[in-house]
Amino acid sequence: MMKRFITFVLVAFMAIPMGFAQKKDAKDYRLSDKDMANVIYVMGQMYPKGFTLDLNTMRQPTEGIMVSYKETQNSFSRKSIRKVLKHAHAHENIVGGWYDPDKGDYYFDSNKPFPEDSLAAALAFARENEQQIVYSNKFGISVKSNYEQKDIRIIYDCDMGSSTDDLFALMMLYRYMDMKRCNLLGVVVDRMNRANADAVDVLNNYYGYPDIPIGLEKFGVKAPRVFIPYHNMAYARNTEGEPIFKRSVGDDGEYMDGYKLYRKILAQQPDKSVTVVSVGFVTCLSRLLQSGPDEFSPMTGLELVQKKIKDIYIMGGVFGDSFEHDYNLTAAIEYSLKFFEMLPKDVDIVFSPGEVGDPLYYSAKQVVEDLSWTDVHPIKWIYEFLVEDKFQKMWDPLAVINAVEGDEAIYQISQRGWITLTPTGETLFTPDPKGNTRYQLPGDAEWSNKLLNYIRLMTIQH
């Protein structure tokens, strides 16, 4: 009997758009709320993970960020669908359903749509309506909304100017700043050459944060390998010879030494409040640990790190059964060995190994399409003029996402243990419940696609 009922409802549902196309008055073919409630209930059976339905077109939207109204929350019974429909008719005529695996209930809601490029506005509306998530139809992902109260203070340490994943990791931090989900205290560039710091200066200005301080490594890895030479992006000019991108520091300005910027920032922060996201070399961190008192603090660098830094998220490491060299750690092996030797044992470390980001391929064509909303964009300019369609794995953003979203929100994380770095660059992990080190575990294809779509969603925001 139930099977016949479902078949009847689906036939009626699929016939509605045909009637709309043949008649001038759509009301002639509109189902009653009672019948529509049955249709929506059956859709909940058809789409156990969730669905969105536009009652005007009787189609599932392929665009838009959907946010549920507070007035229809906790509508998880069949009878409650009538209330959801009444609210939807009085507002945007959009309803949705979603399954809560924690409670085992299937919820129905009246939804408000936002453009895909208005994530910050959608999240603000979600918080106003006490909703924990918003849903992107285009990318098929949910984004949690209840983060504005968290005080996450981040120093981003990168090797800007070689692989483009550094660009997207920093872009993610700006977008998190837009959504008030973290506070970016400063950017340290651990790849020598002021052009790399100038590229960060361009990004700071473009994304609306021109005052974020920038530090530059001045005694680190000499002539490290450059995978994609985009470091001169900061000096791009138009056909009239004028700079395309704005900078704050300018050609005559100076950047503070990277480890000095660390000292200045850390001295001003509360105890155990700072998260470091390190996606390049650890040269500046190593020099910080070895530094002595100065004009910013009477404490040594070791004391500053122990007192002020809560945790460090590092893009790098090779774990499991493979004994391979990690590029970031091996390129500056003397600094890396000193870093792990001196790092206080009560500072947590979470590694994002290369194998976790390997499946996240963000093609040049896709990047340019996602940035089609503007003609002038530093990342778009790099992809249009400097980047071949290769090597665009999104390793570095995974450390950023982990640092902001939390260890269990998205990732599968290893057990605790201790890390040993060998003189040849292997990262050896010894399990121990009291250890300060964990590492991300690779996900399946669906998980990797979800993470890539999250980065893409952030990319299209403006």
# chains A, B, ... in the order shown; residues from 1 in each chain; ligands from 1

$ select_by_dssp --residues "range 68-252 of chain A" --states "alpha helix (DSSP H)" --output "PyMOL selection string"
chain A and resi 81-90+119-128+165-178+194-206

$ write_last_selection --atoms "N, CA and C atoms" --output "CSV table (one decimal), in the first residue's frame"
chain,number,residue,atom,x,y,z
A,81,ILE,N,4.8,19.3,8.6
A,81,ILE,CA,5.1,19.8,7.3
A,81,ILE,C,4.1,20.9,6.9
A,82,ARG,N,2.9,20.7,7.3
A,82,ARG,CA,1.9,21.8,7.0
A,82,ARG,C,2.3,23.1,7.5
A,83,LYS,N,2.8,23.2,8.7
A,83,LYS,CA,3.3,24.4,9.3
A,83,LYS,C,4.5,25.0,8.5
A,84,VAL,N,5.3,24.1,8.0
A,84,VAL,CA,6.5,24.5,7.2
A,84,VAL,C,6.0,25.1,5.9
A,85,LEU,N,5.0,24.5,5.3
A,85,LEU,CA,4.4,25.0,4.0
A,85,LEU,C,3.8,26.4,4.2
A,86,LYS,N,3.1,26.5,5.3
A,86,LYS,CA,2.4,27.8,5.5
A,86,LYS,C,3.4,28.9,5.7
A,87,HIS,N,4.5,28.7,6.4
A,87,HIS,CA,5.6,29.7,6.5
A,87,HIS,C,6.2,29.9,5.2
A,88,ALA,N,6.5,28.9,4.4
A,88,ALA,CA,7.2,29.1,3.1
A,88,ALA,C,6.3,29.9,2.2
A,89,HIS,N,5.0,29.7,2.1
A,89,HIS,CA,4.1,30.4,1.3
A,89,HIS,C,4.2,31.9,1.6
A,90,ALA,N,4.4,32.2,2.9
A,90,ALA,CA,4.4,33.6,3.3
A,90,ALA,C,5.8,34.3,3.1
A,119,LEU,N,28.2,34.1,1.4
A,119,LEU,CA,28.3,33.2,2.5
A,119,LEU,C,28.3,33.9,3.9
A,120,ALA,N,29.0,35.0,4.0
A,120,ALA,CA,29.0,35.7,5.3
A,120,ALA,C,27.6,36.2,5.7
A,121,ALA,N,26.9,36.7,4.7
A,121,ALA,CA,25.5,37.1,5.0
A,121,ALA,C,24.6,35.9,5.4
A,122,ALA,N,24.8,34.8,4.7
A,122,ALA,CA,24.0,33.6,5.0
A,122,ALA,C,24.3,33.1,6.4
A,123,LEU,N,25.6,33.1,6.8
A,123,LEU,CA,26.0,32.7,8.1
A,123,LEU,C,25.5,33.6,9.2
A,124,ALA,N,25.5,34.9,9.0
A,124,ALA,CA,24.9,35.9,9.9
A,124,ALA,C,23.4,35.6,10.1
A,125,PHE,N,22.7,35.4,9.0
A,125,PHE,CA,21.3,35.1,9.2
A,125,PHE,C,21.0,33.8,9.9
A,126,ALA,N,21.9,32.8,9.6
A,126,ALA,CA,21.8,31.5,10.3
A,126,ALA,C,21.9,31.7,11.8
A,127,ARG,N,22.9,32.5,12.3
A,127,ARG,CA,23.1,32.7,13.7
A,127,ARG,C,21.9,33.5,14.3
A,128,GLU,N,21.3,34.4,13.5
A,128,GLU,CA,20.2,35.1,14.0
A,128,GLU,C,19.0,34.2,14.2
A,165,ASP,N,49.1,26.8,-3.6
A,165,ASP,CA,48.2,26.5,-2.5
A,165,ASP,C,48.4,27.4,-1.3
A,166,ASP,N,49.6,28.1,-1.2
A,166,ASP,CA,49.8,29.1,-0.2
A,166,ASP,C,48.8,30.3,-0.4
A,167,LEU,N,48.5,30.6,-1.7
A,167,LEU,CA,47.6,31.7,-2.0
A,167,LEU,C,46.2,31.4,-1.5
A,168,PHE,N,45.8,30.2,-1.7
A,168,PHE,CA,44.4,29.8,-1.3
A,168,PHE,C,44.3,29.6,0.2
A,169,ALA,N,45.4,29.1,0.8
A,169,ALA,CA,45.3,29.0,2.3
A,169,ALA,C,45.2,30.4,2.9
A,170,LEU,N,45.9,31.4,2.4
A,170,LEU,CA,45.8,32.8,2.9
A,170,LEU,C,44.4,33.3,2.6
A,171,MET,N,43.9,33.1,1.4
A,171,MET,CA,42.5,33.5,1.0
A,171,MET,C,41.5,32.9,2.0
A,172,MET,N,41.7,31.7,2.4
A,172,MET,CA,40.7,31.1,3.3
A,172,MET,C,40.7,31.8,4.7
A,173,LEU,N,41.9,32.2,5.1
A,173,LEU,CA,42.0,33.0,6.4
A,173,LEU,C,41.3,34.3,6.2
A,174,TYR,N,41.4,35.0,5.1
A,174,TYR,CA,40.7,36.3,4.9
A,174,TYR,C,39.2,36.0,5.0
A,175,ARG,N,38.7,35.0,4.4
A,175,ARG,CA,37.3,34.7,4.4
A,175,ARG,C,36.8,34.3,5.8
A,176,TYR,N,37.6,33.6,6.5
A,176,TYR,CA,37.3,33.3,7.9
A,176,TYR,C,37.2,34.6,8.7
A,177,MET,N,38.1,35.5,8.4
A,177,MET,CA,38.1,36.8,9.1
A,177,MET,C,36.8,37.5,8.7
A,178,ASP,N,36.3,37.5,7.5
A,178,ASP,CA,35.1,38.1,7.1
A,178,ASP,C,33.9,37.6,7.9
A,194,ARG,N,62.1,39.7,-1.0
A,194,ARG,CA,61.1,40.6,-0.6
A,194,ARG,C,59.9,40.5,-1.5
A,195,ALA,N,60.1,40.0,-2.8
A,195,ALA,CA,59.0,39.9,-3.7
A,195,ALA,C,57.9,39.0,-3.1
A,196,ASN,N,58.3,38.0,-2.4
A,196,ASN,CA,57.3,37.0,-1.8
A,196,ASN,C,56.5,37.7,-0.7
A,197,ALA,N,57.1,38.6,0.1
A,197,ALA,CA,56.4,39.4,1.1
A,197,ALA,C,55.5,40.5,0.4
A,198,ASP,N,56.0,41.0,-0.7
A,198,ASP,CA,55.2,42.0,-1.5
A,198,ASP,C,53.9,41.3,-2.0
A,199,ALA,N,54.0,40.0,-2.4
A,199,ALA,CA,52.8,39.3,-2.9
A,199,ALA,C,51.8,39.2,-1.7
A,200,VAL,N,52.2,39.0,-0.5
A,200,VAL,CA,51.3,38.9,0.6
A,200,VAL,C,50.7,40.3,0.8
A,201,ASP,N,51.5,41.3,0.7
A,201,ASP,CA,51.0,42.7,0.8
A,201,ASP,C,49.9,43.0,-0.2
A,202,VAL,N,50.0,42.5,-1.4
A,202,VAL,CA,49.0,42.7,-2.4
A,202,VAL,C,47.7,42.0,-1.9
A,203,LEU,N,47.8,40.7,-1.4
A,203,LEU,CA,46.7,40.0,-1.0
A,203,LEU,C,46.0,40.6,0.2
A,204,ASN,N,46.8,41.1,1.2
A,204,ASN,CA,46.3,41.9,2.3
A,204,ASN,C,45.4,43.0,1.9
A,205,ASN,N,45.9,43.8,0.9
A,205,ASN,CA,45.1,44.9,0.4
A,205,ASN,C,43.9,44.5,-0.4
A,206,TYR,N,44.1,43.5,-1.2
A,206,TYR,CA,42.9,43.1,-2.1
A,206,TYR,C,41.8,42.6,-1.3

$ residues_around --residues "Ile401 in chain A" --least-positions-apart "5" --cutoff "10 Å" --atoms "only C-alpha atoms" --output "ChimeraX atom specification"
/A:169,172-173,176,277,313,396,406-407,409-411,451,454-455

$ closest_atom_pairs --of "range 249-315 of chain A" --to "range 231-244 of chain A" --cutoff "12 Å" --atoms "only C-alpha atoms" --output "tab-separated table"
residue	atom	partner	partner_atom	distance
A:Val249	CA	A:Ala234	CA	11.3
A:Gly250	CA	A:Ala234	CA	10.0
A:Asp251	CA	A:Tyr235	CA	9.8

$ residues_around --residues "Val347 in chain A" --least-positions-apart "6" --cutoff "12 Å" --atoms "only C-alpha atoms" --output "VMD selection string"
chain A and resid 272 to 276 302 to 313 340 418 434 to 438

$ closest_residue --among "A:Gly220, A:Ala267, A:Thr420, A:Asp117" --to "Ser372 in chain A" --atoms "only C-alpha atoms"
A:Asp117

$ select_by_dssp --residues "range 101-312 of chain A" --states "strand (DSSP E or B)" --output "ChimeraX atom specification"
/A:105-114,133-136,141-144,153-158,183-189,214-216,237,243,256-257,274-278,309-312

$ write_last_selection --atoms "C-alpha atoms" --output "PDB file, in the first residue's frame"
ATOM      1  CA  ASP A 105      15.437  12.645  13.100  1.00  0.00           C
ATOM      2  CA  TYR A 106      14.567  13.984   9.639  1.00  0.00           C
ATOM      3  CA  TYR A 107      13.801  17.710   9.766  1.00  0.00           C
ATOM      4  CA  PHE A 108      11.711  19.850   7.432  1.00  0.00           C
ATOM      5  CA  ASP A 109      12.189  23.619   7.178  1.00  0.00           C
ATOM      6  CA  SER A 110      11.159  26.781   5.390  1.00  0.00           C
ATOM      7  CA  ASN A 111      14.320  28.247   3.851  1.00  0.00           C
ATOM      8  CA  LYS A 112      15.691  31.644   2.910  1.00  0.00           C
ATOM      9  CA  PRO A 113      18.022  31.621  -0.132  1.00  0.00           C
ATOM     10  CA  PHE A 114      21.209  33.666  -0.439  1.00  0.00           C
ATOM     11  CA  ILE A 133      24.487  25.027   9.359  1.00  0.00           C
ATOM     12  CA  VAL A 134      23.839  26.526   5.937  1.00  0.00           C
ATOM     13  CA  TYR A 135      23.769  24.524   2.719  1.00  0.00           C
ATOM     14  CA  SER A 136      25.291  25.366  -0.672  1.00  0.00           C
ATOM     15  CA  ILE A 141      28.199  21.044   1.098  1.00  0.00           C
ATOM     16  CA  SER A 142      27.054  22.232   4.502  1.00  0.00           C
ATOM     17  CA  VAL A 143      28.933  24.973   6.366  1.00  0.00           C
ATOM     18  CA  LYS A 144      28.679  25.321  10.119  1.00  0.00           C
ATOM     19  CA  ARG A 153      44.242  33.873  17.031  1.00  0.00           C
ATOM     20  CA  ILE A 154      46.370  32.764  14.098  1.00  0.00           C
ATOM     21  CA  ILE A 155      49.848  33.487  12.787  1.00  0.00           C
ATOM     22  CA  TYR A 156      50.167  32.214   9.209  1.00  0.00           C
ATOM     23  CA  ASP A 157      53.702  31.047   8.340  1.00  0.00           C
ATOM     24  CA  CYS A 158      54.176  30.279   4.629  1.00  0.00           C
ATOM     25  CA  ASN A 183      41.743  36.767  13.969  1.00  0.00           C
ATOM     26  CA  LEU A 184      44.772  36.757  11.663  1.00  0.00           C
ATOM     27  CA  LEU A 185      47.493  38.360  13.774  1.00  0.00           C
ATOM     28  CA  GLY A 186      50.235  38.361  11.159  1.00  0.00           C
ATOM     29  CA  VAL A 187      51.794  36.641   8.152  1.00  0.00           C
ATOM     30  CA  VAL A 188      55.369  35.337   8.226  1.00  0.00           C
ATOM     31  CA  VAL A 189      57.032  34.582   4.869  1.00  0.00           C
ATOM     32  CA  ILE A 214      54.123  40.855   7.415  1.00  0.00           C
ATOM     33  CA  GLY A 215      57.469  39.376   8.443  1.00  0.00           C
ATOM     34  CA  LEU A 216      60.133  38.065   6.056  1.00  0.00           C
ATOM     35  CA  ARG A 237      51.344  46.666 -14.525  1.00  0.00           C
ATOM     36  CA  PRO A 243      50.573  49.039 -11.010  1.00  0.00           C
ATOM     37  CA  MET A 256      60.500  43.017   9.889  1.00  0.00           C
ATOM     38  CA  ASP A 257      62.573  39.864  10.194  1.00  0.00           C
ATOM     39  CA  VAL A 274      47.974  31.630  19.683  1.00  0.00           C
ATOM     40  CA  THR A 275      47.642  29.055  16.907  1.00  0.00           C
ATOM     41  CA  VAL A 276      50.439  28.883  14.333  1.00  0.00           C
ATOM     42  CA  VAL A 277      49.638  27.543  10.865  1.00  0.00           C
ATOM     43  CA  SER A 278      52.978  26.596   9.296  1.00  0.00           C
ATOM     44  CA  ILE A 309      51.493  29.325  21.674  1.00  0.00           C
ATOM     45  CA  LYS A 310      48.698  26.822  22.144  1.00  0.00           C
ATOM     46  CA  ASP A 311      49.143  24.650  19.051  1.00  0.00           C
ATOM     47  CA  ILE A 312      50.838  24.435  15.658  1.00  0.00           C
TER      48      ILE A 312
END

$ closest_residue --among "A:Gly316, A:Pro61, A:Gly104, A:Gly140" --to "Asn453 in chain A" --atoms "only C-alpha atoms"
A:Gly140

$ closest_residue --among "A:Leu386, A:Met299, A:Leu53, A:Ala403" --to "Ile40 in chain A" --atoms "only C-alpha atoms"
A:Leu53

$ atom_distance --atom1 "CA of Leu343 in chain A" --atom2 "CA of Tyr327 in chain A"
20.0 Å

$ residues_around --residues "Asp326 in chain A" --least-positions-apart "5" --cutoff "12 Å" --atoms "only C-alpha atoms" --output "ChimeraX atom specification"
/A:280-281,314-319,331-333,336,351-355,421-428

$ residues_around --residues "Arg287 in chain A" --least-positions-apart "2" --cutoff "9 Å" --atoms "only C-alpha atoms" --output "ChimeraX atom specification"
/A:258-259,282-285,289-291,301,335,338-339

$ closest_residue --among "A:Tyr230, A:Asn146, A:Asp151, A:Phe296" --to "Cys182 in chain A" --atoms "only C-alpha atoms"
A:Asp151

$ atom_distance --atom1 "CA of Ile349 in chain A" --atom2 "CA of Met179 in chain A"
25.5 Å

$ decode --residues "range 164-183 of chain A" --atoms "C-alpha atoms" --output "CSV table (one decimal), in the first residue's frame"
chain,number,residue,atom,x,y,z
A,164,THR,CA,49.8,28.3,-5.4
A,165,ASP,CA,48.2,26.5,-2.5
A,166,ASP,CA,49.8,29.1,-0.2
A,167,LEU,CA,47.6,31.7,-2.0
A,168,PHE,CA,44.4,29.8,-1.3
A,169,ALA,CA,45.3,29.0,2.3
A,170,LEU,CA,45.8,32.8,2.9
A,171,MET,CA,42.5,33.5,1.0
A,172,MET,CA,40.7,31.1,3.3
A,173,LEU,CA,42.0,33.0,6.4
A,174,TYR,CA,40.7,36.3,4.9
A,175,ARG,CA,37.3,34.7,4.4
A,176,TYR,CA,37.3,33.3,7.9
A,177,MET,CA,38.1,36.8,9.1
A,178,ASP,CA,35.1,38.1,7.1
A,179,MET,CA,32.9,35.6,8.9
A,180,LYS,CA,34.5,36.6,12.3
A,181,ARG,CA,35.7,33.0,12.8
A,182,CYS,CA,39.3,33.9,13.5
A,183,ASN,CA,41.7,36.8,14.0
